[in-house]
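Some notes on the structure that comes next.
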Amino acid sequence: MILMEDIIREGHPTLRTRAEEVKFPLTDEDRKLASDLLEYLINSQNPEMAEKYGLRSGIGLAANQVNSLKRMFALHLEDHNGELLSFVAINPKIVSHSVEKSYIPSGEGCLSVDRQVPGYVPRHARITVKFFTVDGEQKKIRLKGLPAIAFQHELDHLNGVMFYDHINKENPFAEVPDSVPLGE
């Protein structure tokens, strides 16, 4: 089981390193990593488990964040219809995206960042993505709203990019052109 002490923090070189493609069929080690990433998110959103193990709540967790340079991450959150999206994406890619941007007005957070980083993080409002499941099945799905933002945040991790790299350094709350803030 992944605990907070297993999640590396900003400043660790792995967070700035591009993760490697994962080969199929998955090794037992890769399957366990995929399962552990998703299990952390599920546990972190369960108040009893979170309190018992001191877990910070999260909706996404990338392999880099547990010091593993594999191109995989887990997401566990509801979409705009209240449908649960809970999956591990292996070798994920964005195949198309909207010109329109979106951002979370209160800013983004990250399990590897133990501080508030104020500012807007511009993301594509809608994305079409491809990834493989742990069983090697290719999926192609469309995301918008928070799931689209979370997918882009985790994909950035696999490329060694932190969310605050996208924040306007001179004016963190500068208007984002062609954008609709999340929730509006």
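Just so we're on the same page: first chain in the structure tokens is A, next is B, and so on; residues restart at 1 for each chain, and ligands are numbered from 1 in the order they show up.
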Output as a list in words all residues of range 108-164 of chain A that backbone DSSP marks as strand (DSSP E or B).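 Taking range 108-164 of chain A and keeping strand (DSSP E or B) gives Arg123, His124, Arg126, Ile127, Thr128, Val129, Lys130, Phe131, Phe132, Gln138, Lys139, Lys140, Ile141, Arg142, Leu143 and Lys144 of chain A.
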Could you turn the residues from that selection into a file that holds N, CA and C atoms, as a PDB file, in the first residue's frame?
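Writing the result to part-v3.pdb gives the following:
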ATOM      1  N   ARG A 123      -5.168  24.832 -19.106  1.00  0.00           N
ATOM      2  CA  ARG A 123      -5.237  23.469 -19.658  1.00  0.00           C
ATOM      3  C   ARG A 123      -6.208  23.488 -20.831  1.00  0.00           C
ATOM      4  N   HIS A 124      -6.145  22.454 -21.676  1.00  0.00           N
ATOM      5  CA  HIS A 124      -7.145  22.313 -22.734  1.00  0.00           C
ATOM      6  C   HIS A 124      -8.470  21.960 -22.065  1.00  0.00           C
ATOM      7  N   ARG A 126     -11.110  20.501 -23.448  1.00  0.00           N
ATOM      8  CA  ARG A 126     -11.568  19.179 -23.874  1.00  0.00           C
ATOM      9  C   ARG A 126     -10.418  18.454 -24.553  1.00  0.00           C
ATOM     10  N   ILE A 127     -10.294  17.183 -24.252  1.00  0.00           N
ATOM     11  CA  ILE A 127      -9.225  16.382 -24.856  1.00  0.00           C
ATOM     12  C   ILE A 127      -9.763  15.012 -25.257  1.00  0.00           C
ATOM     13  N   THR A 128      -9.182  14.455 -26.298  1.00  0.00           N
ATOM     14  CA  THR A 128      -9.416  13.052 -26.656  1.00  0.00           C
ATOM     15  C   THR A 128      -8.098  12.351 -26.387  1.00  0.00           C
ATOM     16  N   VAL A 129      -8.176  11.267 -25.636  1.00  0.00           N
ATOM     17  CA  VAL A 129      -6.960  10.585 -25.192  1.00  0.00           C
ATOM     18  C   VAL A 129      -6.990   9.115 -25.571  1.00  0.00           C
ATOM     19  N   LYS A 130      -5.791   8.568 -25.695  1.00  0.00           N
ATOM     20  CA  LYS A 130      -5.619   7.125 -25.901  1.00  0.00           C
ATOM     21  C   LYS A 130      -4.683   6.627 -24.811  1.00  0.00           C
ATOM     22  N   PHE A 131      -4.953   5.427 -24.325  1.00  0.00           N
ATOM     23  CA  PHE A 131      -4.064   4.787 -23.354  1.00  0.00           C
ATOM     24  C   PHE A 131      -4.363   3.295 -23.359  1.00  0.00           C
ATOM     25  N   PHE A 132      -3.513   2.541 -22.692  1.00  0.00           N
ATOM     26  CA  PHE A 132      -3.728   1.109 -22.548  1.00  0.00           C
ATOM     27  C   PHE A 132      -4.137   0.798 -21.115  1.00  0.00           C
ATOM     28  N   GLN A 138      -6.468  -1.188 -25.713  1.00  0.00           N
ATOM     29  CA  GLN A 138      -6.360   0.240 -25.988  1.00  0.00           C
ATOM     30  C   GLN A 138      -7.723   0.904 -25.816  1.00  0.00           C
ATOM     31  N   LYS A 139      -7.720   2.032 -25.123  1.00  0.00           N
ATOM     32  CA  LYS A 139      -8.940   2.817 -24.896  1.00  0.00           C
ATOM     33  C   LYS A 139      -8.762   4.171 -25.547  1.00  0.00           C
ATOM     34  N   LYS A 140      -9.864   4.708 -26.053  1.00  0.00           N
ATOM     35  CA  LYS A 140      -9.867   6.067 -26.570  1.00  0.00           C
ATOM     36  C   LYS A 140     -11.098   6.736 -25.969  1.00  0.00           C
ATOM     37  N   ILE A 141     -10.883   7.794 -25.198  1.00  0.00           N
ATOM     38  CA  ILE A 141     -12.011   8.458 -24.547  1.00  0.00           C
ATOM     39  C   ILE A 141     -11.882   9.970 -24.674  1.00  0.00           C
ATOM     40  N   ARG A 142     -13.024  10.646 -24.521  1.00  0.00           N
ATOM     41  CA  ARG A 142     -13.052  12.108 -24.531  1.00  0.00           C
ATOM     42  C   ARG A 142     -13.294  12.583 -23.111  1.00  0.00           C
ATOM     43  N   LEU A 143     -12.548  13.599 -22.714  1.00  0.00           N
ATOM     44  CA  LEU A 143     -12.679  14.138 -21.362  1.00  0.00           C
ATOM     45  C   LEU A 143     -12.880  15.641 -21.431  1.00  0.00           C
ATOM     46  N   LYS A 144     -13.621  16.154 -20.462  1.00  0.00           N
ATOM     47  CA  LYS A 144     -13.745  17.603 -20.325  1.00  0.00           C
ATOM     48  C   LYS A 144     -13.868  17.921 -18.841  1.00  0.00           C
TER      49      LYS A 144
END
Please provide as a ChimeraX atom specification all residues within 12 Å of Asn81 in chain A, with the sequence filter that same-chain residues fewer than 3 positions apart are discarded (counting only C-alpha atoms). /A:77-78,84-85,143-147
Of the candidates A:Glu154, A:Leu61, A:Tyr120, A:Lys23, which one gets nearest to Glu170 in chain A if we count only C-alpha atoms?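 Checking each candidate against Glu170 in chain A, we get A:Tyr120 as the closest.
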Need to verify the contact set: range 159-163 of chain A, 12 Å, only C-alpha atoms, exclusion of same-chain residues closer than 3 positions in sequence. Can you return it as number ranges by chain? A: 9-21, 62-65, 67, 69-73, 91-93, 103-104, 107-113, 116-123, 149-156, 166-168
Fewer than 3 positions away in the same chain doesn't count, so skip those; otherwise give me all residues within 9 Å of Leu33 in chain A, counting only C-alpha atoms, as a PyMOL selection string. chain A and resi 28-30+36-38+63+68+72
Can you list, as a ChimeraX atom specification, all residues belonging to chain A that DSSP tags as alpha helix (DSSP H)? /A:28-44,47-53,146-158
Mind checking which residues fall within 10 Å of Pro25 in chain A, counting only C-alpha atoms, ignoring those fewer than 3 positions away in the same chain, and posting them as a list in words?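 Answer for this query is Val22, Asp28, Asp30, Arg31, Val134, Asp135 and Gly136 of chain A.
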Please compute the CA of Tyr53 in chain A-CA of Ala34 in chain A distance, one decimal, in Å.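 About the pair CA of Tyr53 in chain A and CA of Ala34 in chain A: they are 19.8 Å apart.
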Range 40-44 of chain A surroundings by only C-alpha atoms, 9 Å radius, close-in-sequence under 4 positions cut, as number ranges by chain: A: 1-3, 35-36, 48-51, 53-61, 74-77, 86
Written selection (N, CA and C atoms) as an mmCIF file, in the first residue's frame:
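Listing of result20.cif after writing:
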data_model
loop_
_atom_site.group_PDB
_atom_site.id
_atom_site.type_symbol
_atom_site.label_atom_id
_atom_site.label_comp_id
_atom_site.auth_asym_id
_atom_site.auth_seq_id
_atom_site.Cartn_x
_atom_site.Cartn_y
_atom_site.Cartn_z
ATOM 1 N N MET A 1 0.839 -1.193 0.000
ATOM 2 C CA MET A 1 0.000 0.000 0.000
ATOM 3 C C MET A 1 0.881 1.252 0.000
ATOM 4 N N ILE A 2 0.551 2.189 -0.885
ATOM 5 C CA ILE A 2 1.293 3.450 -0.953
ATOM 6 C C ILE A 2 0.829 4.364 0.184
ATOM 7 N N LEU A 3 1.798 4.932 0.898
ATOM 8 C CA LEU A 3 1.517 5.896 1.960
ATOM 9 C C LEU A 3 2.149 7.230 1.579
ATOM 10 N N SER A 35 -1.950 -1.151 -9.707
ATOM 11 C CA SER A 35 -2.950 -1.409 -8.669
ATOM 12 C C SER A 35 -2.726 -0.514 -7.449
ATOM 13 N N ASP A 36 -1.481 -0.356 -7.046
ATOM 14 C CA ASP A 36 -1.154 0.464 -5.864
ATOM 15 C C ASP A 36 -1.487 1.938 -6.089
ATOM 16 N N GLU A 48 -12.229 7.415 6.544
ATOM 17 C CA GLU A 48 -11.690 6.532 7.591
ATOM 18 C C GLU A 48 -10.276 6.061 7.248
ATOM 19 N N MET A 49 -10.080 5.630 6.002
ATOM 20 C CA MET A 49 -8.746 5.167 5.570
ATOM 21 C C MET A 49 -7.748 6.326 5.585
ATOM 22 N N ALA A 50 -8.195 7.491 5.082
ATOM 23 C CA ALA A 50 -7.313 8.656 5.022
ATOM 24 C C ALA A 50 -6.843 9.041 6.423
ATOM 25 N N GLU A 51 -7.755 9.017 7.372
ATOM 26 C CA GLU A 51 -7.373 9.380 8.746
ATOM 27 C C GLU A 51 -6.472 8.310 9.363
ATOM 28 N N TYR A 53 -4.405 6.220 7.983
ATOM 29 C CA TYR A 53 -3.060 6.139 7.407
ATOM 30 C C TYR A 53 -2.427 7.503 7.111
ATOM 31 N N GLY A 54 -3.120 8.594 7.471
ATOM 32 C CA GLY A 54 -2.565 9.933 7.254
ATOM 33 C C GLY A 54 -2.391 10.266 5.778
ATOM 34 N N LEU A 55 -3.395 9.935 4.954
ATOM 35 C CA LEU A 55 -3.306 10.137 3.510
ATOM 36 C C LEU A 55 -3.902 11.481 3.112
ATOM 37 N N ARG A 56 -3.194 12.221 2.245
ATOM 38 C CA ARG A 56 -3.784 13.418 1.637
ATOM 39 C C ARG A 56 -4.655 12.969 0.484
ATOM 40 N N SER A 57 -5.846 13.541 0.410
ATOM 41 C CA SER A 57 -6.790 13.176 -0.640
ATOM 42 C C SER A 57 -6.249 13.567 -2.009
ATOM 43 N N GLY A 58 -6.407 12.668 -2.979
ATOM 44 C CA GLY A 58 -5.954 12.935 -4.342
ATOM 45 C C GLY A 58 -6.911 12.343 -5.352
ATOM 46 N N ILE A 59 -6.895 12.912 -6.572
ATOM 47 C CA ILE A 59 -7.718 12.377 -7.662
ATOM 48 C C ILE A 59 -6.848 11.777 -8.762
ATOM 49 N N GLY A 60 -5.532 12.009 -8.677
ATOM 50 C CA GLY A 60 -4.615 11.464 -9.674
ATOM 51 C C GLY A 60 -3.260 11.211 -9.040
ATOM 52 N N LEU A 61 -2.590 10.173 -9.520
ATOM 53 C CA LEU A 61 -1.252 9.857 -9.018
ATOM 54 C C LEU A 61 -0.462 9.187 -10.141
ATOM 55 N N ALA A 74 -2.817 6.833 -12.394
ATOM 56 C CA ALA A 74 -4.183 6.471 -12.019
ATOM 57 C C ALA A 74 -5.002 7.733 -11.843
ATOM 58 N N LEU A 75 -6.287 7.650 -12.202
ATOM 59 C CA LEU A 75 -7.249 8.711 -11.931
ATOM 60 C C LEU A 75 -8.448 8.087 -11.229
ATOM 61 N N HIS A 76 -9.007 8.816 -10.265
ATOM 62 C CA HIS A 76 -10.191 8.345 -9.544
ATOM 63 C C HIS A 76 -10.988 9.584 -9.151
ATOM 64 N N LEU A 77 -12.010 9.911 -9.974
ATOM 65 C CA LEU A 77 -12.819 11.098 -9.729
ATOM 66 C C LEU A 77 -14.128 10.984 -10.489
ATOM 67 N N SER A 86 -12.547 5.816 -12.933
ATOM 68 C CA SER A 86 -11.534 5.204 -12.080
ATOM 69 C C SER A 86 -10.741 4.227 -12.934
#
May I have the residues within 6 Å of Val66 in chain A as number ranges by chain, using only C-alpha atoms and disregarding those fewer than 3 positions away in the same chain? A: 6-8, 63
Of the listed residues A:His157, A:Lys101, A:Lys32, A:Arg115, that which approaches Glu175 in chain A most closely, counting only C-alpha atoms: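 Smallest distance to Glu175 in chain A is found for A:Lys101.
Distances here use only C-alpha atoms; by that measure, the residue among A:Val180, A:Ala148, A:Glu5, A:Asp114 closest to His97 in chain A is A:Ala148.
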